[in-house]
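**Student:** Okay, here's the structure, questions in a sec.
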Protein chains: 2
Amino acid sequence: MPTANTSSHSARWARRETTEAVEDYVKAIYTLGQRDSPVTINAIAARLGVSAASASAMVRKLDQRGLAVHPAYGGVGLTDAGEHVALEVLRHHRLLELYLAEALGMPWDRVHEEAEILEHVLSDELEEIISAKLGHPTIDPHGDPIPARDGKFHEPATDSFADLGAGAQGVFVRVSDSEPAMLRYLSERGISPGDSFEVVERQPFGGPLFVRFGSEVHVLGGDLAAAMRAEVRR
Amino acid sequence: MPTANTSSHSARWARRETTEAVEDYVKAIYTLGQRDSPVTINAIAARLGVSAASASAMVRKLDQRGLAVHPAYGGVGLTDAGEHVALEVLRHHRLLELYLAEALGMPWDRVHEEAEILEHVLSDELEEIISAKLGHPTIDPHGDPIPARDGKFHEPATDSFADLGAGAQGVFVRVSDSEPAMLRYLSERGISPGDSFEVVERQPFGGPLFVRFGSEVHVLGGDLAAAMRAEVRR
DNA sequence: CTCTTGATTATGCCATGTCTAAATTAGTTC
DNA sequence: GAACTAATTTAGACATGGCATAATCAAGAG
């Protein structure tokens, strides 16, 4: 006959005072803010696959909880607390990706979605253990930095392949939102995050790119090129 | 403007058609059934820390979903499907415990609660990888069997220390419900799951037991003795 | 100054799971 | 076999968390 109103939800969330959805929103705001500022409600809604109304409502909650700031009809930003949450989730995500791939040998096109689940559930203790096992890495195999436990850090800017011109060189960093199908397609062709490339040629009128990875030249176009992101050497 | 009614809940549960709570109930029914049959609603409620009314309602749902059977006012049992779920969760749990302890060096008094969380989230793929990494173990370090991916298996009966008499010998298997505080207490005294023991003497009137682990004799009584479970050599 | 686009409310729905209080049933005792 | 007790089940609600649609409302573009 327990008197405490301990719903299974509260039991589940007792471990952390943010829900999975809250973490996803905060993460979305953070990553969107990396590229485009200000972050719009619509962008968040699109990223998360919800209606604008829902995003608006949720962002208000984040504001009330002190995780985000959004002046009416203005851009959405994160408070320090919100950024802290975002970085923690991001850290979890990248450590997990790295661990799953390196230590467990999980194929690269799978680690993302697996990490997407586990990132919300990873305890601080386990996070620490994993980080230690990996030798406290500061960048993941994509070349993306892993946030320190509490520190901020500089997330290097990336560009979509669709925006690159001939002659651009750099490192293929990731597929935006890590579409597994695209990752798989690419890996079947020997292209993996972390690979260096050079854009050999670009067809006009939004046409495909000819990109050299190592000695092979591949043709990339359409949604694929748009989704692929590069850290460009400038 | 997505039209599909894809709530974050459904998104979360799309990965598995059972919720965390359902899995907990099924697991509780299974483990309770190991020891005492029939399994009563009250026992489930107590195990899960909810009211009997809640347990009753939930068990009805399990019945409707074809995971459990419970004749009105009768004992609760699992269907094949329910047992399948229970064994899967149990398998997850034990593999995780083993992995966390063996591969990641997490202290024993912590692995249980960590596994309690992760067991609900472990994908089949990751489960398989972990199992392989561990060499497809069939028993966990407690001495408890790890269910095969689909097979049933015999879970050896365990007895509470509180029920043992002088002269009883066996292996200390686990602390019931894995109370971390008790596990910690025991491990500080050099007693771990898997250790062999012999009951040297037992004080009458529900008094403490004197139990030899290796060469040391320890005194165990009260809730501790009641919570400790042994696989007794008969 | 209108028009379009993005943002915000106003409502409502649904799913999960829980609780308390009041029946009801089953089992035990006299 | 009536009465009592313990276990179980209903009845009735509530809280949380999140989403959607429809209809306003703000603001910058022309």
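Quick note on naming: the chains in the structure tokens go A, B, ... in the order shown, residues restart at 1 in each chain, and ligands are numbered from 1 in order of appearance.
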Residues of chain B were defined as contacting chain A if any atom lay at most 8 Å from it, counting only C-alpha atoms; please report them as an NGL selection string.
**Tutor:** :B and (1-2 or 8 or 21 or 49-52 or 104 or 106 or 114 or 117-118 or 121 or 123 or 129-130 or 133)
**Student:** Could you write those residues out with all heavy atoms, as a compact mmCIF listing (two decimals), in the first residue's frame?
**Tutor:**
# COMPACT_ATOMS: atom_id res chain seq x y z
N MET B 1 4.40 19.01 -41.69
CA MET B 1 3.04 18.69 -41.26
C MET B 1 2.77 17.20 -41.35
O MET B 1 2.08 16.71 -42.23
CB MET B 1 2.06 19.45 -42.14
CG MET B 1 2.23 19.14 -43.62
SD MET B 1 1.64 20.43 -44.69
CE MET B 1 2.99 21.59 -44.59
N PRO B 2 3.34 16.48 -40.45
CA PRO B 2 3.18 15.02 -40.48
C PRO B 2 1.74 14.68 -40.14
O PRO B 2 1.14 15.30 -39.26
CB PRO B 2 4.12 14.54 -39.38
CG PRO B 2 4.85 15.75 -38.88
CD PRO B 2 4.06 16.93 -39.28
N SER B 8 5.72 10.68 -29.32
CA SER B 8 7.05 10.25 -28.90
C SER B 8 6.96 8.92 -28.17
O SER B 8 7.87 8.13 -28.15
CB SER B 8 7.68 11.30 -28.00
OG SER B 8 7.70 10.89 -26.68
N ALA B 21 7.20 -1.16 -18.33
CA ALA B 21 6.38 -1.67 -17.24
C ALA B 21 5.91 -3.09 -17.53
O ALA B 21 5.94 -3.96 -16.66
CB ALA B 21 5.18 -0.75 -17.02
N GLY B 49 6.14 -2.81 -5.95
CA GLY B 49 5.91 -1.61 -5.18
C GLY B 49 4.71 -0.81 -5.64
O GLY B 49 4.73 0.41 -5.64
N VAL B 50 3.67 -1.50 -6.06
CA VAL B 50 2.44 -0.81 -6.47
C VAL B 50 1.29 -1.39 -5.67
O VAL B 50 1.44 -2.40 -4.98
CB VAL B 50 2.17 -0.97 -7.97
CG1 VAL B 50 3.31 -0.42 -8.80
CG2 VAL B 50 1.92 -2.44 -8.32
N SER B 51 0.13 -0.75 -5.79
CA SER B 51 -1.03 -1.25 -5.07
C SER B 51 -1.54 -2.52 -5.75
O SER B 51 -1.28 -2.77 -6.93
CB SER B 51 -2.13 -0.20 -5.06
OG SER B 51 -2.70 -0.11 -6.34
N ALA B 52 -2.29 -3.29 -4.99
CA ALA B 52 -2.84 -4.52 -5.54
C ALA B 52 -3.78 -4.20 -6.69
O ALA B 52 -3.85 -4.94 -7.69
CB ALA B 52 -3.58 -5.30 -4.45
N LEU B 104 33.73 -4.49 -18.40
CA LEU B 104 33.89 -3.09 -18.06
C LEU B 104 34.37 -2.87 -16.63
O LEU B 104 34.63 -1.74 -16.23
CB LEU B 104 32.58 -2.34 -18.29
CG LEU B 104 32.17 -2.22 -19.76
CD1 LEU B 104 30.86 -1.47 -19.89
CD2 LEU B 104 33.27 -1.50 -20.55
N MET B 106 32.86 -2.98 -13.84
CA MET B 106 31.98 -2.26 -12.93
C MET B 106 31.81 -3.07 -11.66
O MET B 106 31.68 -4.29 -11.71
CB MET B 106 30.63 -2.02 -13.61
CG MET B 106 29.66 -1.24 -12.74
SD MET B 106 28.11 -0.83 -13.60
CE MET B 106 28.63 0.54 -14.61
N GLU B 114 22.20 -1.09 -12.93
CA GLU B 114 22.49 -0.62 -14.28
C GLU B 114 21.83 -1.54 -15.30
O GLU B 114 21.20 -1.08 -16.26
CB GLU B 114 24.02 -0.61 -14.49
CG GLU B 114 24.47 0.18 -15.69
CD GLU B 114 24.46 1.68 -15.44
OE1 GLU B 114 24.74 2.11 -14.30
OE2 GLU B 114 24.17 2.43 -16.39
N ILE B 117 18.18 -1.13 -15.92
CA ILE B 117 17.78 -0.07 -16.84
C ILE B 117 18.01 -0.51 -18.29
O ILE B 117 17.14 -0.42 -19.13
CB ILE B 117 18.62 1.20 -16.58
CG1 ILE B 117 18.31 1.74 -15.19
CG2 ILE B 117 18.36 2.24 -17.64
CD1 ILE B 117 19.26 2.83 -14.73
N LEU B 118 19.19 -1.01 -18.53
CA LEU B 118 19.58 -1.30 -19.91
C LEU B 118 18.84 -2.49 -20.49
O LEU B 118 18.67 -2.59 -21.70
CB LEU B 118 21.10 -1.54 -19.97
CG LEU B 118 21.97 -0.33 -19.64
CD1 LEU B 118 23.43 -0.74 -19.57
CD2 LEU B 118 21.77 0.77 -20.67
N VAL B 121 16.29 -1.90 -23.09
CA VAL B 121 16.66 -1.05 -24.22
C VAL B 121 17.63 -1.76 -25.15
O VAL B 121 17.93 -1.30 -26.23
CB VAL B 121 17.31 0.24 -23.69
CG1 VAL B 121 17.67 1.17 -24.81
CG2 VAL B 121 16.40 0.94 -22.71
N SER B 123 19.10 -3.78 -27.86
CA SER B 123 18.61 -4.30 -29.14
C SER B 123 19.08 -5.73 -29.33
O SER B 123 20.04 -6.18 -28.71
CB SER B 123 19.13 -3.44 -30.28
OG SER B 123 20.51 -3.66 -30.46
N ILE B 129 25.95 -9.22 -30.04
CA ILE B 129 27.36 -8.83 -30.02
C ILE B 129 27.95 -9.06 -28.64
O ILE B 129 29.03 -9.61 -28.48
CB ILE B 129 27.51 -7.35 -30.43
CG1 ILE B 129 27.19 -7.19 -31.92
CG2 ILE B 129 28.90 -6.85 -30.13
CD1 ILE B 129 27.24 -5.76 -32.41
N ILE B 130 27.21 -8.62 -27.65
CA ILE B 130 27.69 -8.77 -26.28
C ILE B 130 27.84 -10.24 -25.92
O ILE B 130 28.84 -10.67 -25.34
CB ILE B 130 26.74 -8.08 -25.29
CG1 ILE B 130 26.91 -6.56 -25.40
CG2 ILE B 130 26.98 -8.54 -23.88
CD1 ILE B 130 25.97 -5.79 -24.51
N LYS B 133 30.88 -11.53 -27.51
CA LYS B 133 32.08 -11.02 -26.83
C LYS B 133 32.38 -11.83 -25.58
O LYS B 133 33.53 -12.01 -25.19
CB LYS B 133 31.89 -9.55 -26.43
CG LYS B 133 32.18 -8.56 -27.52
CD LYS B 133 33.67 -8.31 -27.69
CE LYS B 133 33.91 -7.41 -28.90
NZ LYS B 133 35.15 -7.65 -29.60
**Student:** Could you pull the residues within 12 Å of DG12 in chain D, counting only C-alpha atoms (C1' of nucleotides), minus those fewer than 3 positions along the same chain, as a PyMOL selection string?
**Tutor:** chain C and resi 19-22
**Student:** Could you write out the selected residues, including C-alpha atoms (C1' of nucleotides), as a PDB file, in the first residue's frame?
**Tutor:**
ATOM      1  C1'  DC C  19      -4.151   5.614  -6.829  1.00  0.00           C
ATOM      2  C1'  DT C  20      -8.121   5.273  -3.267  1.00  0.00           C
ATOM      3  C1'  DA C  21     -12.347   3.457  -1.911  1.00  0.00           C
ATOM      4  C1'  DA C  22     -15.823   0.376  -2.357  1.00  0.00           C
TER       5       DA C  22
END
**Student:** Quick one: which residues from chain C are at most 7 Å off chain A, using only C-alpha atoms (C1' of nucleotides), as a list in words?
**Tutor:**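 The answer, sorted by residue number, is DA7, DG17 and DT18 of chain C.
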**Student:** List every residue of chain D that has an atom at most 9 Å from any atom of chain B, giving for each one its closest atom pair and the distance in Å to one decimal, counting only C-alpha atoms (C1' of nucleotides), sorted by chain and then by ascending residue number, as CSV.
**Tutor:**
residue,atom,partner,partner_atom,distance
D:DA7,C1',B:Asn42,CA,7.6
D:DT8,C1',B:Tyr73,CA,5.8
D:DT9,C1',B:Ser56,CA,7.4
D:DG17,C1',B:His9,CA,8.6
D:DG18,C1',B:Ser7,CA,6.3
D:DC19,C1',B:Ser7,CA,5.5
D:DA20,C1',B:Asn5,CA,7.6
**Student:** What lies within 10 Å of range 163-168 of chain A using only C-alpha atoms (C1' of nucleotides), ignoring chain neighbours under 3 positions off, as a ChimeraX atom specification?
**Tutor:** /A:159-160,197-204,206,209-211,225-226,229-230,232-234
**Student:** Find the residue from C:DG6, C:DA23, C:DT28, C:DC14 that sits nearest to Gly75 in chain A; use only C-alpha atoms (C1' of nucleotides) when measuring.
**Tutor:**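 Closest candidate: C:DG6.
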**Student:** Any idea what's packed within 12 Å of DT5 in chain D, counting only C-alpha atoms (C1' of nucleotides), ignoring anything in its chain fewer than 2 positions away? Could you give it as an NGL selection string?
**Tutor:** (:C and (25-29)) or (:D and (3 or 7))
**Student:** Keeping only N, CA, C and O atoms (P, O5', C5', C4', C3', O3' and C1' of nucleotides), write the selected residues as a CSV table (one decimal), in the first residue's frame.
**Tutor:**
chain,number,residue,atom,x,y,z
C,25,DT,P,-19.1,-11.9,-6.6
C,25,DT,O5',-18.0,-13.0,-6.4
C,25,DT,C5',-16.7,-12.7,-6.9
C,25,DT,C4',-15.6,-13.4,-6.0
C,25,DT,C3',-16.0,-14.8,-5.6
C,25,DT,O3',-15.0,-15.7,-6.2
C,25,DT,C1',-15.1,-13.5,-3.8
C,26,DA,P,-15.1,-17.2,-6.2
C,26,DA,O5',-14.1,-17.5,-5.0
C,26,DA,C5',-12.9,-16.7,-4.9
C,26,DA,C4',-12.0,-17.2,-3.8
C,26,DA,C3',-12.2,-18.7,-3.4
C,26,DA,O3',-11.0,-19.2,-3.1
C,26,DA,C1',-12.7,-17.3,-1.6
C,27,DG,P,-10.8,-20.7,-2.8
C,27,DG,O5',-10.3,-20.6,-1.2
C,27,DG,C5',-9.4,-19.6,-0.8
C,27,DG,C4',-9.3,-19.5,0.7
C,27,DG,C3',-9.4,-20.9,1.4
C,27,DG,O3',-8.5,-20.8,2.6
C,27,DG,C1',-11.1,-19.6,2.2
C,28,DT,P,-8.1,-22.1,3.3
C,28,DT,O5',-8.4,-21.7,4.9
C,28,DT,C5',-8.5,-20.3,5.1
C,28,DT,C4',-9.0,-20.0,6.5
C,28,DT,C3',-9.0,-21.2,7.5
C,28,DT,O3',-8.7,-20.7,8.8
C,28,DT,C1',-11.2,-20.5,7.2
C,29,DT,P,-8.3,-21.6,10.0
C,29,DT,O5',-9.4,-21.1,11.1
C,29,DT,C5',-9.9,-19.8,11.1
C,29,DT,C4',-11.1,-19.7,11.9
C,29,DT,C3',-11.3,-20.7,13.0
C,29,DT,O3',-11.8,-20.1,14.2
C,29,DT,C1',-13.2,-20.8,11.6
D,3,DA,P,-24.5,-14.8,10.2
D,3,DA,O5',-22.9,-14.6,10.5
D,3,DA,C5',-22.4,-15.4,11.6
D,3,DA,C4',-20.9,-15.1,11.7
D,3,DA,C3',-20.5,-13.6,11.2
D,3,DA,O3',-19.4,-13.2,12.0
D,3,DA,C1',-19.4,-15.2,9.9
D,7,DA,P,-3.8,-11.7,2.5
D,7,DA,O5',-4.5,-11.9,1.0
D,7,DA,C5',-4.8,-13.1,0.6
D,7,DA,C4',-5.7,-13.0,-0.7
D,7,DA,C3',-5.0,-12.2,-1.8
D,7,DA,O3',-5.1,-12.9,-3.0
D,7,DA,C1',-7.2,-11.4,-1.3
**Student:** Write down as a list of chain:residue names the residues of range 29-217 of chain A whose backbone DSSP state falls under strand (DSSP E).
**Tutor:**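 Here is the list: A:Ala68, A:Val69, A:Gly77, A:Leu78, A:Asp159, A:Ser160, A:Gln169, A:Gly170, A:Val171, A:Phe172, A:Val173, A:Arg174, A:Val175, A:Ser196, A:Phe197, A:Glu198, A:Val199, A:Val200, A:Glu201, A:Arg202, A:Leu209, A:Phe210, A:Val211, A:Arg212, A:Phe213, A:Glu216, A:Val217.
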**Student:** Would you compute the distance between CA of Pro147 in chain B and CA of Ala86 in chain B? Give it in Å to one decimal.
**Tutor:**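 Those two atoms sit 9.9 Å apart.
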**Student:** Rounded to one decimal, what separation in Å do you get between CA of Asp195 in chain B and CA of Phe213 in chain B?
**Tutor:**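 The value is 7.0 Å.
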**Student:** CA of Asp124 in chain A and CA of Ile44 in chain A are how many Å apart?
**Tutor:**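 A separation of 27.5 Å between them.
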**Student:** Could you pull out the residues in range 13-190 of chain A that DSSP calls helix (DSSP H, G or I) from the backbone, as number ranges by chain?
**Tutor:** A: 13, 20-35, 41-48, 52-64, 80-103, 108-118, 124-133, 161-163, 176-178, 180-188
